[in-house]
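Undergrad: Before I ask anything, let me first share the structure, which is written out below as C-alpha cells.
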Amino acid sequence: MSAWRPLSSDEPTTGLLETFGGPAFEVMRAAPAGSPPPTPLVFASPHSGDVYPEAMVAATRLPIETLRTSEDSFVDRIVAAAPRRGASVIRARFARAYIDLNREPWEMDPAMFEGDLPEYARGRSARVAAGLGAIPRLAGEGRPIYARKLTFDEASDRVEQGHRPYHDVLDRLLAAARAAHGVAILIDWHSMPAAAANGQRARGGGPCDIVLGDRFGASCSPKLTGLVERELEGLGYRVARNAPYAGGYTTEHYGRPAKRTHALQIEINRSLYMDETSRMPTEGLAKLTADAETLTRALAAMDLADLK
C-alpha cells in the first residue's frame with residue numbers, strides 16, 4: 001500500500017491527466033490545463049486514497065486492513081467519467097488515515113504528539129475530540145492508530161506534502177471555473193457505512209441511500225441542492241439532507257454563495273455498491289457509476305443564472 005494504485009485503463013484520462021505535488025492526489029480535467037473549463041463543475045474525492053507511506057505503517061499498531069475501513073473505497077471510480085461530461089475531478093491518493101483532506105490543516109489532537117503544538121494548531125474541536133482530526137487518532141471502532149506519539153515535524157510533513165498542495169489546486173480549479181462561467185460548483189463526494197445510513201430516515205421514508213450536505217443551506221444555493229435531490233430521487237434513491245452529515249471542512253471552507261462558489265457534499269451508502277466486510281465491489285457499482293454520470297449531465301445543463 002505504499003505505492004500508487006495505477007489508473008485502470010477504462011478511466012477517461014485521454015491525455016488530460018495532470019499530477020501536482022507528488023503522489024498526494026491526481027487531477028483529471030475536462031479540458032487541457034490552461035484552457036477554460038467547459039462547465040463550472042469541480043468534483044472532489046478527498047477520502048478515496050489508499051496509499052499508506054511506509055513511515056506511517058511503521059508507527060501504527062493497527063493492521064492496514066483495519067485502517068482501510070475509513071476509506072471511501074471506489075468513490076473515485078464512481079465519478080471517473082465526469083470529465084467526459086465537463087467536470088474536473090480531483091481525487092486523493094494518500095489514505096485518509098494518513099492525512100484527512102476534509103479537515104482544517106492544523107486541526108490536531110495535542111495528546112498525539114511529543115511536546116507542545118504551535119499556537120496556530122487547533123486542538124479543540126468536535127472532530128479532534130472524536131479522534132478524527134487532520135491526522136486521525138482513532139480508526140476501526142475507536143481503536144488508537146499509533147503505537148507511539150508523533151512528532152510535529154511528522155505532522156507538518158503530511159500537511160505540506162498532502163493537504164496544502166491538494167487544496168491549493170482545488171482552489172485553482174474553482175477559480176478557473178469562476179473566471180470562465182462567473183460561478184463555480186463544487187461537489188464533494190464521500191461514502192458512509194451502511195450502519196450510519198440505516199440510522200437516518202430519508203425524506204420519502206425508509207433508511208437513506210444518499211445524504212446531501214449543504215451546511216443547512218449555508219454552502220450553496222437551495223436550487224443546487226434541490227436539483228441534485230430531484231435527480232437522485234428520480235433515479236430511485238432515498239435522499240436525506242444534512243443528517244448525519246452536513247458537510248465537512250471542504251464544504252464549509254469553499255461554500256461561499258455570495259462569492260460565487262457553491263459547495264455540496266454527497267454521501268453514498270456503501271452497501272449500494274460494495275461488500276463492507278470483504279471490501280469488494282458489487283454489481284451496484286456499475287449502476288451507481290452510470291447514475292453519477294446522469295447526475296453530472298443534469299448539473300452541466302443547469303441554468304447558471306439561478307446561482308448568480
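By order of appearance in the C-alpha cells: chains A, B, ..., then residues from 1 within every chain, and ligands from 1 in the order shown.
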Using only C-alpha atoms, determine which residues lie at most 10 Å from segment 159-165 of chain A, disregarding the query and same-chain residues fewer than 3 positions distant; provide the list as a list in words.
TA: Phe20, Gly21, Gly22, Pro23, Ala24, Phe25, Pro46, Ala92, Arg93, Phe94, Tyr98, Ile99, Asp100, Leu101, Asn102, Arg103, Glu104, Pro105, Trp106, Ala134, Ile135, Asp153, Glu154, Ala155, Ser156, Asp168, Val169, Leu170 and Asp171 of chain A
Undergrad: Mind dumping a table of every segment 201-283 of chain A residue within 12 Å of segment 54-66 of chain A, with the nearest atom pair and its distance in Å to one decimal, using only C-alpha atoms, sorted by chain and rising number, as a tab-separated table?
TA:
residue	atom	partner	partner_atom	distance
A:Glu276	CA	A:Glu65	CA	11.6
A:Thr277	CA	A:Glu65	CA	10.4
A:Ser278	CA	A:Glu65	CA	10.0
A:Arg279	CA	A:Glu65	CA	9.5
Undergrad: Now that the selection is made, can you save its residues with N, CA and C atoms as a PDB file, in the first residue's frame?
TA:
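The resulting again36.pdb:
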ATOM      1  N   GLU A 276     -19.049  -4.422   2.585  1.00  0.00           N
ATOM      2  CA  GLU A 276     -18.214  -3.732   3.562  1.00  0.00           C
ATOM      3  C   GLU A 276     -17.284  -4.668   4.322  1.00  0.00           C
ATOM      4  N   THR A 277     -17.583  -5.950   4.345  1.00  0.00           N
ATOM      5  CA  THR A 277     -16.714  -6.910   5.029  1.00  0.00           C
ATOM      6  C   THR A 277     -15.520  -7.304   4.164  1.00  0.00           C
ATOM      7  N   SER A 278     -15.780  -7.671   2.922  1.00  0.00           N
ATOM      8  CA  SER A 278     -14.700  -8.081   2.017  1.00  0.00           C
ATOM      9  C   SER A 278     -14.044  -6.906   1.314  1.00  0.00           C
ATOM     10  N   ARG A 279     -14.711  -5.751   1.327  1.00  0.00           N
ATOM     11  CA  ARG A 279     -14.253  -4.547   0.639  1.00  0.00           C
ATOM     12  C   ARG A 279     -14.187  -4.747  -0.870  1.00  0.00           C
TER      13      ARG A 279
END
Undergrad: Rounded to one decimal, what separation in Å do you get between atom CA of Ala111 of chain A and atom CA of Arg68 of chain A?
TA: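 Interatomic distance here is 23.2 Å.
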Undergrad: With distances taken over only C-alpha atoms, which of A:Arg127, A:His190, A:Lys259, A:Arg29 is nearest to Arg77 of chain A?
TA: A:His190
Undergrad: Ala246 of chain A: which residues within 10 Å, counting only C-alpha atoms, same-chain residues fewer than 2 positions away excluded, as a ChimeraX atom specification?
TA: /A:211-217,219,241-244,248,251-252,264-267
Undergrad: From the set A:Ser88, A:Gly284, A:Met112, A:Ala121, which residue has the shortest atom-to-atom contact distance to Arg172 of chain A, counting only C-alpha atoms?
TA: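 Of the candidates, the smallest distance to Arg172 of chain A is held by A:Ser88.
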Undergrad: Which one of A:Ala195, A:Leu285, A:Leu186, A:Ala298 sits closest to Gly234 of chain A if you count only C-alpha atoms?
TA: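 Of A:Ala195, A:Leu285, A:Leu186, A:Ala298, the one nearest Gly234 of chain A, counting only C-alpha atoms, is A:Ala298.
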Undergrad: Name the closest residue to Lys308 of chain A among the candidates A:Arg124, A:Arg178, A:Arg203, A:His253; distances are taken between atoms, counting only C-alpha atoms.
TA: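 The closest residue to Lys308 of chain A is A:Arg178.
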Undergrad: Calculated over only C-alpha atoms, which of the candidates A:Asp291, A:Asp188, A:Glu233, A:Asp116 has the smallest distance to Cys208 of chain A?
TA: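 Comparing A:Asp291, A:Asp188, A:Glu233, A:Asp116 against Cys208 of chain A, the winner is A:Glu233.
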Undergrad: Quick check, in Å to one decimal: how far apart do atom CA of Ala301 of chain A and atom CA of Ala263 of chain A lie?
TA: 17.1 Å
Undergrad: Using DSSP on the backbone, list every residue of segment 32-276 of chain A that comes out as strand (DSSP E), and give them as a ChimeraX atom specification.
TA: /A:41-45,88-92,138-139,143-144,184-192,210-213,239-241,261-269,274-275
Undergrad: Rank nothing, just name the residue among A:Asp76, A:Asp157, A:Glu71, A:Asp306 nearest to Met192 of chain A, using only C-alpha atoms.
TA: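 Checking each candidate against Met192 of chain A, we get A:Glu71 as the closest.
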Undergrad: Just to confirm, what's the straight-line distance from atom CA of Thr225 of chain A to atom CA of Met28 of chain A in Å (one decimal)?
TA: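 Interatomic distance here is 24.4 Å.
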Undergrad: List every residue of segment 8-200 of chain A that DSSP, applied to the backbone, labels as helix (DSSP H, G or I), and write the result as a PDB file with N, CA and C atoms, in the first residue's frame.
TA:
ATOM      1  N   GLY A  22       3.467  15.642  -6.277  1.00  0.00           N
ATOM      2  CA  GLY A  22       3.789  14.266  -5.954  1.00  0.00           C
ATOM      3  C   GLY A  22       2.564  13.381  -5.895  1.00  0.00           C
ATOM      4  N   PRO A  23       2.612  12.327  -5.058  1.00  0.00           N
ATOM      5  CA  PRO A  23       1.556  11.315  -5.088  1.00  0.00           C
ATOM      6  C   PRO A  23       0.350  11.633  -4.224  1.00  0.00           C
ATOM      7  N   ALA A  24       0.226  12.842  -3.726  1.00  0.00           N
ATOM      8  CA  ALA A  24      -0.861  13.151  -2.804  1.00  0.00           C
ATOM      9  C   ALA A  24      -2.237  13.053  -3.458  1.00  0.00           C
ATOM     10  N   GLU A  54       5.308   4.176   4.117  1.00  0.00           N
ATOM     11  CA  GLU A  54       5.964   3.205   4.986  1.00  0.00           C
ATOM     12  C   GLU A  54       6.248   3.776   6.373  1.00  0.00           C
ATOM     13  N   ALA A  55       6.593   5.059   6.456  1.00  0.00           N
ATOM     14  CA  ALA A  55       6.883   5.645   7.764  1.00  0.00           C
ATOM     15  C   ALA A  55       5.651   5.626   8.656  1.00  0.00           C
ATOM     16  N   MET A  56       4.478   5.821   8.069  1.00  0.00           N
ATOM     17  CA  MET A  56       3.249   5.740   8.855  1.00  0.00           C
ATOM     18  C   MET A  56       2.994   4.315   9.311  1.00  0.00           C
ATOM     19  N   VAL A  57       3.125   3.367   8.389  1.00  0.00           N
ATOM     20  CA  VAL A  57       2.868   1.967   8.710  1.00  0.00           C
ATOM     21  C   VAL A  57       3.756   1.502   9.856  1.00  0.00           C
ATOM     22  N   ALA A  58       5.009   1.963   9.865  1.00  0.00           N
ATOM     23  CA  ALA A  58       5.938   1.567  10.923  1.00  0.00           C
ATOM     24  C   ALA A  58       5.513   2.100  12.290  1.00  0.00           C
ATOM     25  N   ALA A  59       4.751   3.188  12.315  1.00  0.00           N
ATOM     26  CA  ALA A  59       4.349   3.808  13.582  1.00  0.00           C
ATOM     27  C   ALA A  59       3.000   3.325  14.090  1.00  0.00           C
ATOM     28  N   ILE A  64      -3.207  -2.657   8.284  1.00  0.00           N
ATOM     29  CA  ILE A  64      -3.702  -1.806   7.211  1.00  0.00           C
ATOM     30  C   ILE A  64      -5.166  -2.087   6.916  1.00  0.00           C
ATOM     31  N   GLU A  65      -5.588  -3.320   6.960  1.00  0.00           N
ATOM     32  CA  GLU A  65      -6.983  -3.643   6.651  1.00  0.00           C
ATOM     33  C   GLU A  65      -7.945  -2.957   7.614  1.00  0.00           C
ATOM     34  N   THR A  66      -7.530  -2.757   8.859  1.00  0.00           N
ATOM     35  CA  THR A  66      -8.371  -2.013   9.804  1.00  0.00           C
ATOM     36  C   THR A  66      -8.401  -0.539   9.437  1.00  0.00           C
ATOM     37  N   LEU A  67      -7.249   0.009   9.078  1.00  0.00           N
ATOM     38  CA  LEU A  67      -7.207   1.418   8.675  1.00  0.00           C
ATOM     39  C   LEU A  67      -8.054   1.660   7.433  1.00  0.00           C
ATOM     40  N   ARG A  68      -8.133   0.675   6.566  1.00  0.00           N
ATOM     41  CA  ARG A  68      -8.845   0.851   5.304  1.00  0.00           C
ATOM     42  C   ARG A  68     -10.355   1.022   5.494  1.00  0.00           C
ATOM     43  N   THR A  69     -10.881   0.691   6.675  1.00  0.00           N
ATOM     44  CA  THR A  69     -12.316   0.871   6.884  1.00  0.00           C
ATOM     45  C   THR A  69     -12.727   2.337   6.834  1.00  0.00           C
ATOM     46  N   SER A  70     -11.754   3.239   6.965  1.00  0.00           N
ATOM     47  CA  SER A  70     -12.092   4.670   6.897  1.00  0.00           C
ATOM     48  C   SER A  70     -12.046   5.210   5.473  1.00  0.00           C
ATOM     49  N   VAL A  75     -15.176   5.457  -4.546  1.00  0.00           N
ATOM     50  CA  VAL A  75     -15.850   6.720  -4.862  1.00  0.00           C
ATOM     51  C   VAL A  75     -15.167   7.402  -6.041  1.00  0.00           C
ATOM     52  N   ASP A  76     -13.838   7.303  -6.108  1.00  0.00           N
ATOM     53  CA  ASP A  76     -13.150   7.903  -7.257  1.00  0.00           C
ATOM     54  C   ASP A  76     -13.553   7.231  -8.563  1.00  0.00           C
ATOM     55  N   ARG A  77     -13.847   5.947  -8.527  1.00  0.00           N
ATOM     56  CA  ARG A  77     -14.309   5.259  -9.727  1.00  0.00           C
ATOM     57  C   ARG A  77     -15.727   5.671 -10.098  1.00  0.00           C
ATOM     58  N   ILE A  78     -16.543   5.953  -9.102  1.00  0.00           N
ATOM     59  CA  ILE A  78     -17.926   6.359  -9.365  1.00  0.00           C
ATOM     60  C   ILE A  78     -17.969   7.656 -10.165  1.00  0.00           C
ATOM     61  N   ALA A  82     -16.701  11.723 -15.059  1.00  0.00           N
ATOM     62  CA  ALA A  82     -17.187  13.107 -15.039  1.00  0.00           C
ATOM     63  C   ALA A  82     -16.479  14.032 -16.022  1.00  0.00           C
ATOM     64  N   PRO A  83     -15.155  13.888 -16.285  1.00  0.00           N
ATOM     65  CA  PRO A  83     -14.524  14.784 -17.263  1.00  0.00           C
ATOM     66  C   PRO A  83     -15.146  14.693 -18.653  1.00  0.00           C
ATOM     67  N   ARG A  84     -15.702  13.552 -19.003  1.00  0.00           N
ATOM     68  CA  ARG A  84     -16.376  13.438 -20.302  1.00  0.00           C
ATOM     69  C   ARG A  84     -17.629  14.305 -20.355  1.00  0.00           C
ATOM     70  N   ARG A  85     -18.151  14.658 -19.204  1.00  0.00           N
ATOM     71  CA  ARG A  85     -19.359  15.489 -19.125  1.00  0.00           C
ATOM     72  C   ARG A  85     -19.042  16.916 -18.693  1.00  0.00           C
ATOM     73  N   PRO A 110      -3.532  17.462  20.552  1.00  0.00           N
ATOM     74  CA  PRO A 110      -2.228  17.617  21.212  1.00  0.00           C
ATOM     75  C   PRO A 110      -1.753  16.346  21.906  1.00  0.00           C
ATOM     76  N   ALA A 111      -2.682  15.500  22.346  1.00  0.00           N
ATOM     77  CA  ALA A 111      -2.298  14.285  23.070  1.00  0.00           C
ATOM     78  C   ALA A 111      -1.578  13.276  22.184  1.00  0.00           C
ATOM     79  N   MET A 112      -1.647  13.455  20.859  1.00  0.00           N
ATOM     80  CA  MET A 112      -0.995  12.529  19.934  1.00  0.00           C
ATOM     81  C   MET A 112       0.486  12.826  19.744  1.00  0.00           C
ATOM     82  N   ALA A 126     -14.850  19.524  17.770  1.00  0.00           N
ATOM     83  CA  ALA A 126     -15.633  18.292  17.920  1.00  0.00           C
ATOM     84  C   ALA A 126     -14.970  17.135  17.196  1.00  0.00           C
ATOM     85  N   ARG A 127     -14.349  17.438  16.034  1.00  0.00           N
ATOM     86  CA  ARG A 127     -13.715  16.371  15.266  1.00  0.00           C
ATOM     87  C   ARG A 127     -12.462  15.858  15.964  1.00  0.00           C
ATOM     88  N   VAL A 128     -11.674  16.771  16.541  1.00  0.00           N
ATOM     89  CA  VAL A 128     -10.497  16.347  17.294  1.00  0.00           C
ATOM     90  C   VAL A 128     -10.922  15.510  18.504  1.00  0.00           C
ATOM     91  N   ALA A 129     -11.957  15.963  19.191  1.00  0.00           N
ATOM     92  CA  ALA A 129     -12.438  15.225  20.359  1.00  0.00           C
ATOM     93  C   ALA A 129     -12.883  13.813  19.996  1.00  0.00           C
ATOM     94  N   PHE A 152       5.828  16.786  15.795  1.00  0.00           N
ATOM     95  CA  PHE A 152       5.165  17.800  14.981  1.00  0.00           C
ATOM     96  C   PHE A 152       5.774  17.863  13.593  1.00  0.00           C
ATOM     97  N   ASP A 153       7.062  17.560  13.474  1.00  0.00           N
ATOM     98  CA  ASP A 153       7.681  17.535  12.145  1.00  0.00           C
ATOM     99  C   ASP A 153       6.992  16.510  11.242  1.00  0.00           C
ATOM    100  N   GLU A 154       6.616  15.362  11.793  1.00  0.00           N
ATOM    101  CA  GLU A 154       5.895  14.361  11.003  1.00  0.00           C
ATOM    102  C   GLU A 154       4.550  14.914  10.545  1.00  0.00           C
ATOM    103  N   ALA A 155       3.857  15.565  11.455  1.00  0.00           N
ATOM    104  CA  ALA A 155       2.570  16.152  11.104  1.00  0.00           C
ATOM    105  C   ALA A 155       2.719  17.225  10.044  1.00  0.00           C
ATOM    106  N   SER A 156       3.725  18.083  10.229  1.00  0.00           N
ATOM    107  CA  SER A 156       3.949  19.171   9.280  1.00  0.00           C
ATOM    108  C   SER A 156       4.251  18.627   7.890  1.00  0.00           C
ATOM    109  N   ASP A 157       5.027  17.552   7.803  1.00  0.00           N
ATOM    110  CA  ASP A 157       5.321  16.952   6.503  1.00  0.00           C
ATOM    111  C   ASP A 157       4.045  16.492   5.812  1.00  0.00           C
ATOM    112  N   ARG A 158       3.137  15.911   6.567  1.00  0.00           N
ATOM    113  CA  ARG A 158       1.892  15.418   5.960  1.00  0.00           C
ATOM    114  C   ARG A 158       1.032  16.576   5.444  1.00  0.00           C
ATOM    115  N   VAL A 159       1.017  17.651   6.206  1.00  0.00           N
ATOM    116  CA  VAL A 159       0.252  18.819   5.762  1.00  0.00           C
ATOM    117  C   VAL A 159       0.889  19.425   4.512  1.00  0.00           C
ATOM    118  N   GLU A 160       2.201  19.592   4.535  1.00  0.00           N
ATOM    119  CA  GLU A 160       2.880  20.272   3.436  1.00  0.00           C
ATOM    120  C   GLU A 160       2.943  19.420   2.167  1.00  0.00           C
ATOM    121  N   GLN A 161       3.002  18.104   2.310  1.00  0.00           N
ATOM    122  CA  GLN A 161       3.108  17.230   1.148  1.00  0.00           C
ATOM    123  C   GLN A 161       1.759  16.719   0.659  1.00  0.00           C
ATOM    124  N   GLY A 162       0.747  16.799   1.510  1.00  0.00           N
ATOM    125  CA  GLY A 162      -0.550  16.263   1.143  1.00  0.00           C
ATOM    126  C   GLY A 162      -1.673  17.285   1.153  1.00  0.00           C
ATOM    127  N   HIS A 163      -1.932  17.842   2.323  1.00  0.00           N
ATOM    128  CA  HIS A 163      -3.087  18.723   2.489  1.00  0.00           C
ATOM    129  C   HIS A 163      -2.927  20.028   1.714  1.00  0.00           C
ATOM    130  N   ARG A 164      -1.808  20.708   1.890  1.00  0.00           N
ATOM    131  CA  ARG A 164      -1.649  22.031   1.281  1.00  0.00           C
ATOM    132  C   ARG A 164      -1.692  21.971  -0.251  1.00  0.00           C
ATOM    133  N   PRO A 165      -0.937  21.080  -0.912  1.00  0.00           N
ATOM    134  CA  PRO A 165      -0.995  21.071  -2.380  1.00  0.00           C
ATOM    135  C   PRO A 165      -2.359  20.669  -2.922  1.00  0.00           C
ATOM    136  N   TYR A 166      -3.046  19.752  -2.240  1.00  0.00           N
ATOM    137  CA  TYR A 166      -4.392  19.361  -2.676  1.00  0.00           C
ATOM    138  C   TYR A 166      -5.310  20.573  -2.685  1.00  0.00           C
ATOM    139  N   HIS A 167      -5.313  21.321  -1.606  1.00  0.00           N
ATOM    140  CA  HIS A 167      -6.234  22.457  -1.517  1.00  0.00           C
ATOM    141  C   HIS A 167      -5.765  23.637  -2.365  1.00  0.00           C
ATOM    142  N   ASP A 168      -4.485  23.778  -2.572  1.00  0.00           N
ATOM    143  CA  ASP A 168      -4.016  24.816  -3.496  1.00  0.00           C
ATOM    144  C   ASP A 168      -4.572  24.573  -4.893  1.00  0.00           C
ATOM    145  N   VAL A 169      -4.528  23.324  -5.330  1.00  0.00           N
ATOM    146  CA  VAL A 169      -5.014  23.004  -6.674  1.00  0.00           C
ATOM    147  C   VAL A 169      -6.534  23.059  -6.731  1.00  0.00           C
ATOM    148  N   LEU A 170      -7.211  22.564  -5.704  1.00  0.00           N
ATOM    149  CA  LEU A 170      -8.673  22.661  -5.688  1.00  0.00           C
ATOM    150  C   LEU A 170      -9.102  24.121  -5.771  1.00  0.00           C
ATOM    151  N   ASP A 171      -8.423  24.993  -5.054  1.00  0.00           N
ATOM    152  CA  ASP A 171      -8.742  26.416  -5.102  1.00  0.00           C
ATOM    153  C   ASP A 171      -8.548  26.977  -6.510  1.00  0.00           C
ATOM    154  N   ARG A 172      -7.482  26.528  -7.200  1.00  0.00           N
ATOM    155  CA  ARG A 172      -7.238  26.999  -8.563  1.00  0.00           C
ATOM    156  C   ARG A 172      -8.284  26.477  -9.544  1.00  0.00           C
ATOM    157  N   LEU A 173      -8.722  25.245  -9.356  1.00  0.00           N
ATOM    158  CA  LEU A 173      -9.776  24.700 -10.214  1.00  0.00           C
ATOM    159  C   LEU A 173     -11.062  25.509 -10.075  1.00  0.00           C
ATOM    160  N   LEU A 174     -11.393  25.864  -8.849  1.00  0.00           N
ATOM    161  CA  LEU A 174     -12.603  26.662  -8.625  1.00  0.00           C
ATOM    162  C   LEU A 174     -12.443  28.069  -9.183  1.00  0.00           C
ATOM    163  N   ALA A 175     -11.249  28.650  -9.046  1.00  0.00           N
ATOM    164  CA  ALA A 175     -11.011  29.984  -9.604  1.00  0.00           C
ATOM    165  C   ALA A 175     -11.149  29.973 -11.121  1.00  0.00           C
ATOM    166  N   ALA A 176     -10.658  28.913 -11.760  1.00  0.00           N
ATOM    167  CA  ALA A 176     -10.780  28.804 -13.215  1.00  0.00           C
ATOM    168  C   ALA A 176     -12.244  28.683 -13.626  1.00  0.00           C
ATOM    169  N   ALA A 177     -13.035  27.939 -12.851  1.00  0.00           N
ATOM    170  CA  ALA A 177     -14.457  27.809 -13.149  1.00  0.00           C
ATOM    171  C   ALA A 177     -15.165  29.155 -13.021  1.00  0.00           C
ATOM    172  N   ARG A 178     -14.844  29.914 -11.977  1.00  0.00           N
ATOM    173  CA  ARG A 178     -15.472  31.230 -11.808  1.00  0.00           C
ATOM    174  C   ARG A 178     -15.077  32.173 -12.931  1.00  0.00           C
ATOM    175  N   ALA A 179     -13.799  32.119 -13.326  1.00  0.00           N
ATOM    176  CA  ALA A 179     -13.339  33.013 -14.386  1.00  0.00           C
ATOM    177  C   ALA A 179     -14.038  32.716 -15.710  1.00  0.00           C
ATOM    178  N   ALA A 180     -14.304  31.456 -15.979  1.00  0.00           N
ATOM    179  CA  ALA A 180     -14.908  31.070 -17.255  1.00  0.00           C
ATOM    180  C   ALA A 180     -16.424  31.191 -17.262  1.00  0.00           C
ATOM    181  N   HIS A 181     -17.063  30.987 -16.100  1.00  0.00           N
ATOM    182  CA  HIS A 181     -18.525  30.882 -16.077  1.00  0.00           C
ATOM    183  C   HIS A 181     -19.201  31.827 -15.094  1.00  0.00           C
ATOM    184  N   ALA A 194     -23.020   1.556   5.988  1.00  0.00           N
ATOM    185  CA  ALA A 194     -24.452   1.252   5.942  1.00  0.00           C
ATOM    186  C   ALA A 194     -25.110   1.503   7.295  1.00  0.00           C
ATOM    187  N   ALA A 195     -24.375   1.258   8.389  1.00  0.00           N
ATOM    188  CA  ALA A 195     -24.951   1.464   9.720  1.00  0.00           C
ATOM    189  C   ALA A 195     -25.348   2.916   9.933  1.00  0.00           C
ATOM    190  N   ALA A 196     -24.534   3.848   9.433  1.00  0.00           N
ATOM    191  CA  ALA A 196     -24.871   5.267   9.562  1.00  0.00           C
ATOM    192  C   ALA A 196     -26.070   5.617   8.691  1.00  0.00           C
ATOM    193  N   ALA A 197     -26.110   5.070   7.477  1.00  0.00           N
ATOM    194  CA  ALA A 197     -27.222   5.344   6.571  1.00  0.00           C
ATOM    195  C   ALA A 197     -28.525   4.768   7.109  1.00  0.00           C
ATOM    196  N   ASN A 198     -28.466   3.593   7.688  1.00  0.00           N
ATOM    197  CA  ASN A 198     -29.680   2.946   8.183  1.00  0.00           C
ATOM    198  C   ASN A 198     -30.274   3.657   9.380  1.00  0.00           C
TER     199      ASN A 198
END
